[in-house]
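> Below is one structure. I have some questions about it.
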Amino acid sequence: MIPAMATDAVHPIPPLPGFPDGFLWGVSTSAHQIEGAVEEREPSVWDVFSAGPGRIKDGSTAAVACDHVHRYREDVALLADLGVDAYRFSVSWPRVRSAGGLDFYDRLVDELCAAGVRPVPTLFHWDLPTALQEAGGWLERDTAARFAEYVSTVADRLGDRVRKWITLNEPAEHTLFGHALGAHAPGERLMFDALPVAHHQLLAHGLAVGALRAAGAADIGIANSHGPTWPASREQPDLEAAGFYDLLLNRLFAEPILLGEYPEGMGDLMPGDVAADLKVISEPLDWYGVNYYAPTRVGAPKGTEIEFGGLTLPAELPFSVQDIEDVPVTDFGWPVVPEGLTELLTGFRDRYGDRLPPVVITENGCSYEGLDDQDRIAYLDGHVRALHRAAEAGVDVRGYFVWSLLDNFEWAEGYARRFGLVHVDHDTRARTPKSSYGWYRDLLRAQRSRARG
C-alpha cells in the first residue's frame, strides 16, 4: 500500500524537451544510510566512527536508519508508484560477509524486477568492513584485491538479474573526508599522506571492472563526484589554488580512469607499480557516472580554518573554499547553481573528447525541510533543464538519478538533513511522499507520454 501524499497540491510540469530514447530515470540510496539491521551484519567503519563522541552532530547512529532491510517491500512499492526506470542502491560489503547477507539482496532484486524497476547496485559506498580496516583499510593494496573477490561473489549471485553495475561511489570524498580530514569514517587525519587511499580505491575500481566482465557484465560505470571549480579572482594566487583544487577533486579521480594517467606529478606520489596499475584502472567503461551538487569557489589559502559544507577545513590546506555569492542555498547551506551542471558536462566533453563515455548523473539532490518542498522541486527542475542543455550541446547523457528516495542517515550530520523525496519519521520509520515525489512522478509520466506521442 502506498502512503498518502503529504499534500494534494498539483505538480504542473512546464514543457521540457524530450530526452533521448532509452534515457534512464531513477533515484539513489546507499546501504549504510537506509538499511539498519546492524545486528544482522558485520560492523563497518561507520559503525565504529559513529560510536565515537562528537563525531555525528546529533549523536545518532545508523543502527536502525530507515529500517529498509525489514521494509524493503514498502520502499519498492514507492519506487513502482513513482514510476522510475531504475533504482540505484548499494550492496553492503559487511552484510555480504555475514551469514545469509546476500539473501537480502536476492530478495530486493527479485522485488525490484517484479515491480519493473531495474536494479543498479553500487558495490562500495564507504562502508568498509571493520576487519579490513583493522588490517590497514584502503591504505593497503590488499584491500583492492579483497574488493575484487567480494565483487565476484556478488556478481555470481545477482548477475542473472542485474545488468547495470556501479563499482565505487565518490572515492574523492572517501579519501578527503574520511582519510585526510577525519570528518567521516574511518576518521583518519592524514592530509596528503592519504593519497594511497585514492590510488587503492581506483585500483579496486579497475579490478572490479575485470571481475564484473568475467561474470558476464556488459554495462559498468563508476559514480564519481564532480563540480566546476571557480577561481575567487583572476589573480595568480587564486588561479593556482583553484587549479590545484580542481586537480585534487576532479582530475585525480577522472583521468586515471578516462585517460590511463594521473595529472601532472601525481603519479609520482602513488604507491606500487603505478604504470601497471593504471592499465587496470583504465579498463574501458560503458558509461561514466557523475554525482553533481554544486560548483566550488576557490581562492588562495587564508591561513585560518574555514567552515565549508558542514566541515572545518584546516588552515594548512593550499587553498581556501569561499562562498558563492548571490545564489540561493539549500537548508544545508549548499549553493544552488543548476548551470554548473551544464558547465561541468560540457567542460568534461571538451577536456576528454572521445575518451569520455556516455554520462549518467548518478546523484543530484538537495536538503530541505518540510513535506510541501517547493524548493526541492525548483532545484530538481532547474537541474533537469541544465542536463538537457548539456545534451543539446552535444554531451551524450543517458540517465538521471535523484538523491535520494528516502530521508536517511546523512553521515556526520546524522538525521539533521533531509534529502528524500519521501519523508521518513525517524521515530516510527513511517514513510510519507513529499510534494517533490509527486512532481517527479508527474515529470516521468510526461516524459513517457511525449515519447509515445
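Each chain in the C-alpha cells gets a letter, A, B and so on, in the order shown; residues start at 1 in every chain, and ligands are counted from 1 in the order they appear.
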Hey, what's within 12 Å of Asp375 in chain A if we count only C-alpha atoms and toss same-chain stuff fewer than 2 positions away? As a ChimeraX atom specification, please?

/A:328-331,336,365-373,377-382,419,421,434-436,439

> Range 275-288 of chain A: which residues within 8 Å, counting only C-alpha atoms, same-chain residues fewer than 6 positions away excluded, as a PDB file with all heavy atoms, in the first residue's frame?


```
ATOM      1  N   LEU A 202      41.000   3.517  -6.684  1.00  0.00           N
ATOM      2  CA  LEU A 202      40.981   3.475  -8.144  1.00  0.00           C
ATOM      3  C   LEU A 202      41.394   2.098  -8.657  1.00  0.00           C
ATOM      4  O   LEU A 202      40.804   1.567  -9.616  1.00  0.00           O
ATOM      5  CB  LEU A 202      41.892   4.558  -8.710  1.00  0.00           C
ATOM      6  CG  LEU A 202      41.373   5.995  -8.561  1.00  0.00           C
ATOM      7  CD1 LEU A 202      42.475   6.997  -8.864  1.00  0.00           C
ATOM      8  CD2 LEU A 202      40.169   6.232  -9.477  1.00  0.00           C
ATOM      9  N   LEU A 203      42.400   1.507  -8.022  1.00  0.00           N
ATOM     10  CA  LEU A 203      42.810   0.153  -8.404  1.00  0.00           C
ATOM     11  C   LEU A 203      41.672  -0.832  -8.147  1.00  0.00           C
ATOM     12  O   LEU A 203      41.407  -1.724  -8.971  1.00  0.00           O
ATOM     13  CB  LEU A 203      44.063  -0.251  -7.628  1.00  0.00           C
ATOM     14  CG  LEU A 203      44.588  -1.661  -7.880  1.00  0.00           C
ATOM     15  CD1 LEU A 203      44.963  -1.858  -9.347  1.00  0.00           C
ATOM     16  CD2 LEU A 203      45.784  -1.953  -6.977  1.00  0.00           C
ATOM     17  N   ALA A 204      40.985  -0.670  -7.010  1.00  0.00           N
ATOM     18  CA  ALA A 204      39.848  -1.539  -6.707  1.00  0.00           C
ATOM     19  C   ALA A 204      38.775  -1.411  -7.772  1.00  0.00           C
ATOM     20  O   ALA A 204      38.154  -2.405  -8.175  1.00  0.00           O
ATOM     21  CB  ALA A 204      39.279  -1.196  -5.328  1.00  0.00           C
ATOM     22  N   HIS A 205      38.553  -0.187  -8.231  1.00  0.00           N
ATOM     23  CA  HIS A 205      37.593   0.021  -9.318  1.00  0.00           C
ATOM     24  C   HIS A 205      37.996  -0.784 -10.550  1.00  0.00           C
ATOM     25  O   HIS A 205      37.176  -1.511 -11.128  1.00  0.00           O
ATOM     26  CB  HIS A 205      37.512   1.511  -9.661  1.00  0.00           C
ATOM     27  CG  HIS A 205      37.020   1.770 -11.049  1.00  0.00           C
ATOM     28  ND1 HIS A 205      35.690   1.665 -11.416  1.00  0.00           N
ATOM     29  CD2 HIS A 205      37.701   2.103 -12.185  1.00  0.00           C
ATOM     30  CE1 HIS A 205      35.572   1.925 -12.701  1.00  0.00           C
ATOM     31  NE2 HIS A 205      36.762   2.194 -13.196  1.00  0.00           N
ATOM     32  N   GLY A 206      39.246  -0.665 -10.959  1.00  0.00           N
ATOM     33  CA  GLY A 206      39.697  -1.381 -12.152  1.00  0.00           C
ATOM     34  C   GLY A 206      39.605  -2.886 -11.994  1.00  0.00           C
ATOM     35  O   GLY A 206      39.181  -3.598 -12.921  1.00  0.00           O
ATOM     36  N   LEU A 207      39.985  -3.387 -10.831  1.00  0.00           N
ATOM     37  CA  LEU A 207      39.877  -4.831 -10.582  1.00  0.00           C
ATOM     38  C   LEU A 207      38.420  -5.278 -10.572  1.00  0.00           C
ATOM     39  O   LEU A 207      38.089  -6.374 -11.043  1.00  0.00           O
ATOM     40  CB  LEU A 207      40.543  -5.171  -9.253  1.00  0.00           C
ATOM     41  CG  LEU A 207      42.070  -5.021  -9.202  1.00  0.00           C
ATOM     42  CD1 LEU A 207      42.579  -5.180  -7.770  1.00  0.00           C
ATOM     43  CD2 LEU A 207      42.753  -6.023 -10.132  1.00  0.00           C
ATOM     44  N   VAL A 209      35.979  -3.884 -12.321  1.00  0.00           N
ATOM     45  CA  VAL A 209      35.537  -3.937 -13.715  1.00  0.00           C
ATOM     46  C   VAL A 209      35.919  -5.273 -14.329  1.00  0.00           C
ATOM     47  O   VAL A 209      35.118  -5.937 -14.998  1.00  0.00           O
ATOM     48  CB  VAL A 209      36.117  -2.763 -14.527  1.00  0.00           C
ATOM     49  CG1 VAL A 209      35.807  -2.924 -16.017  1.00  0.00           C
ATOM     50  CG2 VAL A 209      35.572  -1.430 -14.022  1.00  0.00           C
ATOM     51  N   GLY A 210      37.157  -5.716 -14.074  1.00  0.00           N
ATOM     52  CA  GLY A 210      37.592  -7.004 -14.589  1.00  0.00           C
ATOM     53  C   GLY A 210      36.781  -8.152 -14.035  1.00  0.00           C
ATOM     54  O   GLY A 210      36.408  -9.090 -14.764  1.00  0.00           O
ATOM     55  N   ALA A 218      28.046  -6.323 -18.852  1.00  0.00           N
ATOM     56  CA  ALA A 218      28.351  -5.529 -20.045  1.00  0.00           C
ATOM     57  C   ALA A 218      27.842  -4.101 -19.929  1.00  0.00           C
ATOM     58  O   ALA A 218      27.719  -3.403 -20.925  1.00  0.00           O
ATOM     59  CB  ALA A 218      27.738  -6.191 -21.277  1.00  0.00           C
ATOM     60  N   ASP A 219      27.539  -3.654 -18.708  1.00  0.00           N
ATOM     61  CA  ASP A 219      27.007  -2.298 -18.516  1.00  0.00           C
ATOM     62  C   ASP A 219      27.536  -1.780 -17.180  1.00  0.00           C
ATOM     63  O   ASP A 219      26.857  -1.817 -16.161  1.00  0.00           O
ATOM     64  CB  ASP A 219      25.477  -2.335 -18.537  1.00  0.00           C
ATOM     65  CG  ASP A 219      24.854  -0.956 -18.699  1.00  0.00           C
ATOM     66  OD1 ASP A 219      25.607   0.033 -18.822  1.00  0.00           O
ATOM     67  OD2 ASP A 219      23.616  -0.858 -18.689  1.00  0.00           O
ATOM     68  N   ILE A 220      28.777  -1.272 -17.193  1.00  0.00           N
ATOM     69  CA  ILE A 220      29.507  -0.958 -15.963  1.00  0.00           C
ATOM     70  C   ILE A 220      29.923   0.494 -15.958  1.00  0.00           C
ATOM     71  O   ILE A 220      30.404   1.034 -16.967  1.00  0.00           O
ATOM     72  CB  ILE A 220      30.768  -1.843 -15.839  1.00  0.00           C
ATOM     73  CG1 ILE A 220      30.402  -3.324 -15.929  1.00  0.00           C
ATOM     74  CG2 ILE A 220      31.500  -1.556 -14.527  1.00  0.00           C
ATOM     75  CD1 ILE A 220      31.621  -4.233 -16.055  1.00  0.00           C
ATOM     76  N   GLY A 221      29.759   1.139 -14.796  1.00  0.00           N
ATOM     77  CA  GLY A 221      30.220   2.511 -14.611  1.00  0.00           C
ATOM     78  C   GLY A 221      30.743   2.715 -13.209  1.00  0.00           C
ATOM     79  O   GLY A 221      30.844   1.779 -12.403  1.00  0.00           O
ATOM     80  N   ILE A 222      31.089   3.959 -12.902  1.00  0.00           N
ATOM     81  CA  ILE A 222      31.514   4.387 -11.574  1.00  0.00           C
ATOM     82  C   ILE A 222      30.722   5.634 -11.240  1.00  0.00           C
ATOM     83  O   ILE A 222      30.193   6.296 -12.154  1.00  0.00           O
ATOM     84  CB  ILE A 222      33.033   4.667 -11.533  1.00  0.00           C
ATOM     85  CG1 ILE A 222      33.521   4.926 -10.097  1.00  0.00           C
ATOM     86  CG2 ILE A 222      33.405   5.829 -12.462  1.00  0.00           C
ATOM     87  CD1 ILE A 222      35.040   5.016  -9.970  1.00  0.00           C
ATOM     88  N   ALA A 223      30.580   5.962  -9.956  1.00  0.00           N
ATOM     89  CA  ALA A 223      29.894   7.185  -9.541  1.00  0.00           C
ATOM     90  C   ALA A 223      30.911   8.113  -8.900  1.00  0.00           C
ATOM     91  O   ALA A 223      31.177   8.024  -7.700  1.00  0.00           O
ATOM     92  CB  ALA A 223      28.756   6.874  -8.573  1.00  0.00           C
ATOM     93  N   PRO A 256      42.852   9.024 -14.343  1.00  0.00           N
ATOM     94  CA  PRO A 256      43.346   7.640 -14.364  1.00  0.00           C
ATOM     95  C   PRO A 256      42.359   6.684 -15.030  1.00  0.00           C
ATOM     96  O   PRO A 256      42.765   5.744 -15.718  1.00  0.00           O
ATOM     97  CB  PRO A 256      43.538   7.319 -12.878  1.00  0.00           C
ATOM     98  CG  PRO A 256      43.763   8.641 -12.235  1.00  0.00           C
ATOM     99  CD  PRO A 256      42.873   9.586 -12.989  1.00  0.00           C
ATOM    100  N   ILE A 257      41.058   6.935 -14.836  1.00  0.00           N
ATOM    101  CA  ILE A 257      40.030   6.079 -15.421  1.00  0.00           C
ATOM    102  C   ILE A 257      39.855   6.357 -16.905  1.00  0.00           C
ATOM    103  O   ILE A 257      39.815   5.449 -17.733  1.00  0.00           O
ATOM    104  CB  ILE A 257      38.696   6.281 -14.674  1.00  0.00           C
ATOM    105  CG1 ILE A 257      38.821   5.785 -13.231  1.00  0.00           C
ATOM    106  CG2 ILE A 257      37.546   5.572 -15.390  1.00  0.00           C
ATOM    107  CD1 ILE A 257      37.649   6.166 -12.347  1.00  0.00           C
ATOM    108  N   LEU A 258      39.762   7.642 -17.268  1.00  0.00           N
ATOM    109  CA  LEU A 258      39.433   8.009 -18.641  1.00  0.00           C
ATOM    110  C   LEU A 258      40.651   8.063 -19.556  1.00  0.00           C
ATOM    111  O   LEU A 258      40.540   7.748 -20.745  1.00  0.00           O
ATOM    112  CB  LEU A 258      38.731   9.371 -18.651  1.00  0.00           C
ATOM    113  CG  LEU A 258      37.410   9.446 -17.882  1.00  0.00           C
ATOM    114  CD1 LEU A 258      36.853  10.855 -17.942  1.00  0.00           C
ATOM    115  CD2 LEU A 258      36.400   8.445 -18.427  1.00  0.00           C
ATOM    116  N   LEU A 259      41.800   8.470 -19.000  1.00  0.00           N
ATOM    117  CA  LEU A 259      42.991   8.652 -19.831  1.00  0.00           C
ATOM    118  C   LEU A 259      44.089   7.627 -19.547  1.00  0.00           C
ATOM    119  O   LEU A 259      45.062   7.551 -20.314  1.00  0.00           O
ATOM    120  CB  LEU A 259      43.562  10.065 -19.631  1.00  0.00           C
ATOM    121  CG  LEU A 259      42.607  11.237 -19.877  1.00  0.00           C
ATOM    122  CD1 LEU A 259      43.347  12.566 -19.667  1.00  0.00           C
ATOM    123  CD2 LEU A 259      42.016  11.172 -21.282  1.00  0.00           C
ATOM    124  N   GLY A 260      43.980   6.914 -18.450  1.00  0.00           N
ATOM    125  CA  GLY A 260      45.032   5.965 -18.098  1.00  0.00           C
ATOM    126  C   GLY A 260      46.286   6.632 -17.580  1.00  0.00           C
ATOM    127  O   GLY A 260      47.375   6.057 -17.630  1.00  0.00           O
ATOM    128  N   GLU A 261      46.144   7.839 -17.036  1.00  0.00           N
ATOM    129  CA  GLU A 261      47.301   8.551 -16.485  1.00  0.00           C
ATOM    130  C   GLU A 261      46.845   9.486 -15.374  1.00  0.00           C
ATOM    131  O   GLU A 261      45.689   9.924 -15.346  1.00  0.00           O
ATOM    132  CB  GLU A 261      48.001   9.353 -17.582  1.00  0.00           C
ATOM    133  CG  GLU A 261      47.116  10.393 -18.241  1.00  0.00           C
ATOM    134  CD  GLU A 261      47.758  11.019 -19.473  1.00  0.00           C
ATOM    135  OE1 GLU A 261      48.514  10.314 -20.148  1.00  0.00           O
ATOM    136  OE2 GLU A 261      47.478  12.209 -19.737  1.00  0.00           O
ATOM    137  N   LEU A 356      35.673  10.220 -23.118  1.00  0.00           N
ATOM    138  CA  LEU A 356      34.566  10.281 -22.168  1.00  0.00           C
ATOM    139  C   LEU A 356      33.427   9.394 -22.659  1.00  0.00           C
ATOM    140  O   LEU A 356      32.852   9.649 -23.717  1.00  0.00           O
ATOM    141  CB  LEU A 356      34.071  11.728 -22.017  1.00  0.00           C
ATOM    142  CG  LEU A 356      32.897  11.937 -21.044  1.00  0.00           C
ATOM    143  CD1 LEU A 356      33.338  11.657 -19.609  1.00  0.00           C
ATOM    144  CD2 LEU A 356      32.348  13.360 -21.179  1.00  0.00           C
ATOM    145  N   PRO A 357      33.081   8.354 -21.916  1.00  0.00           N
ATOM    146  CA  PRO A 357      31.952   7.511 -22.328  1.00  0.00           C
ATOM    147  C   PRO A 357      30.636   8.272 -22.150  1.00  0.00           C
ATOM    148  O   PRO A 357      30.615   9.392 -21.644  1.00  0.00           O
ATOM    149  CB  PRO A 357      32.028   6.322 -21.358  1.00  0.00           C
ATOM    150  CG  PRO A 357      33.320   6.449 -20.634  1.00  0.00           C
ATOM    151  CD  PRO A 357      33.703   7.885 -20.688  1.00  0.00           C
ATOM    152  N   PRO A 358      29.517   7.658 -22.543  1.00  0.00           N
ATOM    153  CA  PRO A 358      28.224   8.252 -22.201  1.00  0.00           C
ATOM    154  C   PRO A 358      28.137   8.531 -20.701  1.00  0.00           C
ATOM    155  O   PRO A 358      28.701   7.792 -19.882  1.00  0.00           O
ATOM    156  CB  PRO A 358      27.224   7.177 -22.627  1.00  0.00           C
ATOM    157  CG  PRO A 358      27.933   6.421 -23.706  1.00  0.00           C
ATOM    158  CD  PRO A 358      29.372   6.417 -23.321  1.00  0.00           C
ATOM    159  N   VAL A 359      27.427   9.589 -20.343  1.00  0.00           N
ATOM    160  CA  VAL A 359      27.375  10.061 -18.959  1.00  0.00           C
ATOM    161  C   VAL A 359      26.008   9.765 -18.353  1.00  0.00           C
ATOM    162  O   VAL A 359      24.975   9.934 -19.010  1.00  0.00           O
ATOM    163  CB  VAL A 359      27.661  11.572 -18.896  1.00  0.00           C
ATOM    164  CG1 VAL A 359      27.416  12.120 -17.491  1.00  0.00           C
ATOM    165  CG2 VAL A 359      29.095  11.861 -19.331  1.00  0.00           C
ATOM    166  N   VAL A 360      26.019   9.335 -17.096  1.00  0.00           N
ATOM    167  CA  VAL A 360      24.801   9.195 -16.304  1.00  0.00           C
ATOM    168  C   VAL A 360      24.980  10.034 -15.043  1.00  0.00           C
ATOM    169  O   VAL A 360      26.019   9.932 -14.373  1.00  0.00           O
ATOM    170  CB  VAL A 360      24.537   7.726 -15.912  1.00  0.00           C
ATOM    171  CG1 VAL A 360      23.348   7.620 -14.961  1.00  0.00           C
ATOM    172  CG2 VAL A 360      24.307   6.865 -17.151  1.00  0.00           C
TER     173      VAL A 360
END
```

> Return the single residue from A:Leu112, A:Ala77, A:Ala241, A:Ala198 that is closest to Gly137 in chain A, with distances computed using only C-alpha atoms.

A:Ala198

> Run DSSP on the backbone of this structure and report the residues of range 53-188 of chain A it assigns to strand (DSSP E or B), as a PyMOL selection string.

chain A and resi 86-90+118-124+129+165-169

> How would the residues just picked look written out with C-alpha atoms as a PDB file, in the first residue's frame?


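And here is the file that came out, again03.pdb:
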```pdb
ATOM      1  CA  ALA A  86      15.817   2.201 -12.168  1.00  0.00           C
ATOM      2  CA  TYR A  87      16.817   2.145  -8.524  1.00  0.00           C
ATOM      3  CA  ARG A  88      20.413   2.765  -7.547  1.00  0.00           C
ATOM      4  CA  PHE A  89      21.164   1.183  -4.171  1.00  0.00           C
ATOM      5  CA  SER A  90      24.392  -0.045  -2.636  1.00  0.00           C
ATOM      6  CA  ARG A 118      15.822  -2.002 -12.934  1.00  0.00           C
ATOM      7  CA  PRO A 119      18.269  -2.767 -10.075  1.00  0.00           C
ATOM      8  CA  VAL A 120      21.508  -0.745 -10.249  1.00  0.00           C
ATOM      9  CA  PRO A 121      23.796  -1.795  -7.379  1.00  0.00           C
ATOM     10  CA  THR A 122      26.777   0.224  -6.211  1.00  0.00           C
ATOM     11  CA  LEU A 123      29.362  -2.167  -4.818  1.00  0.00           C
ATOM     12  CA  PHE A 124      31.125   0.188  -2.404  1.00  0.00           C
ATOM     13  CA  PRO A 129      34.160  -3.897   6.922  1.00  0.00           C
ATOM     14  CA  TRP A 165      26.626  -2.054 -12.172  1.00  0.00           C
ATOM     15  CA  ILE A 166      28.491   0.707 -10.330  1.00  0.00           C
ATOM     16  CA  THR A 167      31.864  -0.096  -8.805  1.00  0.00           C
ATOM     17  CA  LEU A 168      32.564   2.703  -6.296  1.00  0.00           C
ATOM     18  CA  ASN A 169      30.802   5.781  -5.008  1.00  0.00           C
TER      19      ASN A 169
END
```

> Compile a residue-level contact table for range 335-417 of chain A against range 224-231 of chain A at a cut-off of 12 Å, reporting for every qualifying residue the shortest atom pair and its distance in Å to one decimal, with only C-alpha atoms counted, rows ordered by chain and ascending number, as JSON lines.


```
{"residue": "A:Pro335", "atom": "CA", "partner": "A:Gly227", "partner_atom": "CA", "distance": 11.8}
{"residue": "A:Val337", "atom": "CA", "partner": "A:Pro228", "partner_atom": "CA", "distance": 10.4}
{"residue": "A:Pro338", "atom": "CA", "partner": "A:Gly227", "partner_atom": "CA", "distance": 10.9}
{"residue": "A:Glu339", "atom": "CA", "partner": "A:Pro228", "partner_atom": "CA", "distance": 10.1}
{"residue": "A:Gly340", "atom": "CA", "partner": "A:Pro228", "partner_atom": "CA", "distance": 6.4}
{"residue": "A:Leu341", "atom": "CA", "partner": "A:Gly227", "partner_atom": "CA", "distance": 7.3}
{"residue": "A:Thr342", "atom": "CA", "partner": "A:Pro228", "partner_atom": "CA", "distance": 9.6}
{"residue": "A:Glu343", "atom": "CA", "partner": "A:Pro228", "partner_atom": "CA", "distance": 7.0}
{"residue": "A:Leu344", "atom": "CA", "partner": "A:Pro228", "partner_atom": "CA", "distance": 5.5}
{"residue": "A:Leu345", "atom": "CA", "partner": "A:Gly227", "partner_atom": "CA", "distance": 9.1}
{"residue": "A:Thr346", "atom": "CA", "partner": "A:Pro228", "partner_atom": "CA", "distance": 10.6}
{"residue": "A:Gly347", "atom": "CA", "partner": "A:Pro228", "partner_atom": "CA", "distance": 8.5}
{"residue": "A:Phe348", "atom": "CA", "partner": "A:Pro228", "partner_atom": "CA", "distance": 9.8}
{"residue": "A:Val359", "atom": "CA", "partner": "A:Asn224", "partner_atom": "CA", "distance": 11.0}
{"residue": "A:Val360", "atom": "CA", "partner": "A:Asn224", "partner_atom": "CA", "distance": 10.5}
{"residue": "A:Ile361", "atom": "CA", "partner": "A:Asn224", "partner_atom": "CA", "distance": 9.6}
{"residue": "A:Thr362", "atom": "CA", "partner": "A:Asn224", "partner_atom": "CA", "distance": 8.5}
{"residue": "A:Glu363", "atom": "CA", "partner": "A:Ser225", "partner_atom": "CA", "distance": 8.5}
{"residue": "A:Asn364", "atom": "CA", "partner": "A:Ser225", "partner_atom": "CA", "distance": 10.1}
```

> Using N, CA and C atoms, can you write the selected residues to a file as a short mmCIF file (atom, residue, chain, number, x, y, z; two decimals), in the first residue's frame?


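Okay, this is what ended up in result23.cif:
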```cif
data_model
loop_
_atom_site.label_atom_id
_atom_site.label_comp_id
_atom_site.auth_asym_id
_atom_site.auth_seq_id
_atom_site.Cartn_x
_atom_site.Cartn_y
_atom_site.Cartn_z
N PRO A 335 25.24 25.93 -2.24
CA PRO A 335 24.72 26.82 -3.27
C PRO A 335 23.92 26.06 -4.32
N VAL A 337 23.15 26.02 -8.03
CA VAL A 337 23.66 26.54 -9.29
C VAL A 337 23.44 25.49 -10.38
N PRO A 338 22.22 25.39 -10.91
CA PRO A 338 21.97 24.38 -11.95
C PRO A 338 22.87 24.51 -13.16
N GLU A 339 23.18 25.74 -13.56
CA GLU A 339 24.01 25.93 -14.75
C GLU A 339 25.40 25.34 -14.57
N GLY A 340 25.81 25.11 -13.32
CA GLY A 340 27.09 24.45 -13.08
C GLY A 340 27.12 23.03 -13.63
N LEU A 341 25.96 22.38 -13.68
CA LEU A 341 25.91 21.02 -14.24
C LEU A 341 26.19 21.06 -15.74
N THR A 342 25.57 22.02 -16.43
CA THR A 342 25.86 22.17 -17.86
C THR A 342 27.33 22.48 -18.08
N GLU A 343 27.86 23.39 -17.28
CA GLU A 343 29.27 23.77 -17.42
C GLU A 343 30.19 22.57 -17.17
N LEU A 344 29.88 21.80 -16.15
CA LEU A 344 30.71 20.64 -15.83
C LEU A 344 30.72 19.65 -16.99
N LEU A 345 29.55 19.30 -17.50
CA LEU A 345 29.47 18.25 -18.52
C LEU A 345 30.05 18.71 -19.85
N THR A 346 29.79 19.93 -20.26
CA THR A 346 30.40 20.41 -21.49
C THR A 346 31.91 20.57 -21.32
N GLY A 347 32.35 20.93 -20.11
CA GLY A 347 33.78 21.01 -19.84
C GLY A 347 34.46 19.66 -19.91
N PHE A 348 33.81 18.63 -19.37
CA PHE A 348 34.35 17.28 -19.47
C PHE A 348 34.40 16.84 -20.92
N VAL A 359 27.43 9.59 -20.34
CA VAL A 359 27.37 10.06 -18.96
C VAL A 359 26.01 9.76 -18.35
N VAL A 360 26.02 9.33 -17.10
CA VAL A 360 24.80 9.19 -16.30
C VAL A 360 24.98 10.03 -15.04
N ILE A 361 24.00 10.87 -14.72
CA ILE A 361 24.03 11.60 -13.46
C ILE A 361 23.54 10.64 -12.39
N THR A 362 24.46 10.14 -11.58
CA THR A 362 24.15 9.11 -10.60
C THR A 362 23.67 9.67 -9.27
N GLU A 363 23.89 10.96 -9.02
CA GLU A 363 23.30 11.64 -7.87
C GLU A 363 23.11 13.10 -8.21
N ASN A 364 21.96 13.64 -7.81
CA ASN A 364 21.71 15.08 -7.82
C ASN A 364 20.53 15.31 -6.90
#
```

> I'd like the neighbourhood of Lys57 in chain A as a list in words, where a residue qualifies if any of its atoms comes within 8 Å (using only C-alpha atoms), though same-chain residues fewer than 4 positions away should be ignored.

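Counting only C-alpha atoms, the residues come to Ala412, Glu413 and Gly414 of chain A.
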
> May I have the residues within 9 Å of range 316-327 of chain A as a ChimeraX atom specification, using only C-alpha atoms and disregarding those fewer than 3 positions away in the same chain?

/A:191,232,238,240-242,244-245,295-308,313,335-337

> From range 253-346 of chain A, collect each residue whose DSSP state is alpha helix (DSSP H) and return the set as an NGL selection string.

:A and (253-258 or 274-281 or 339-346)
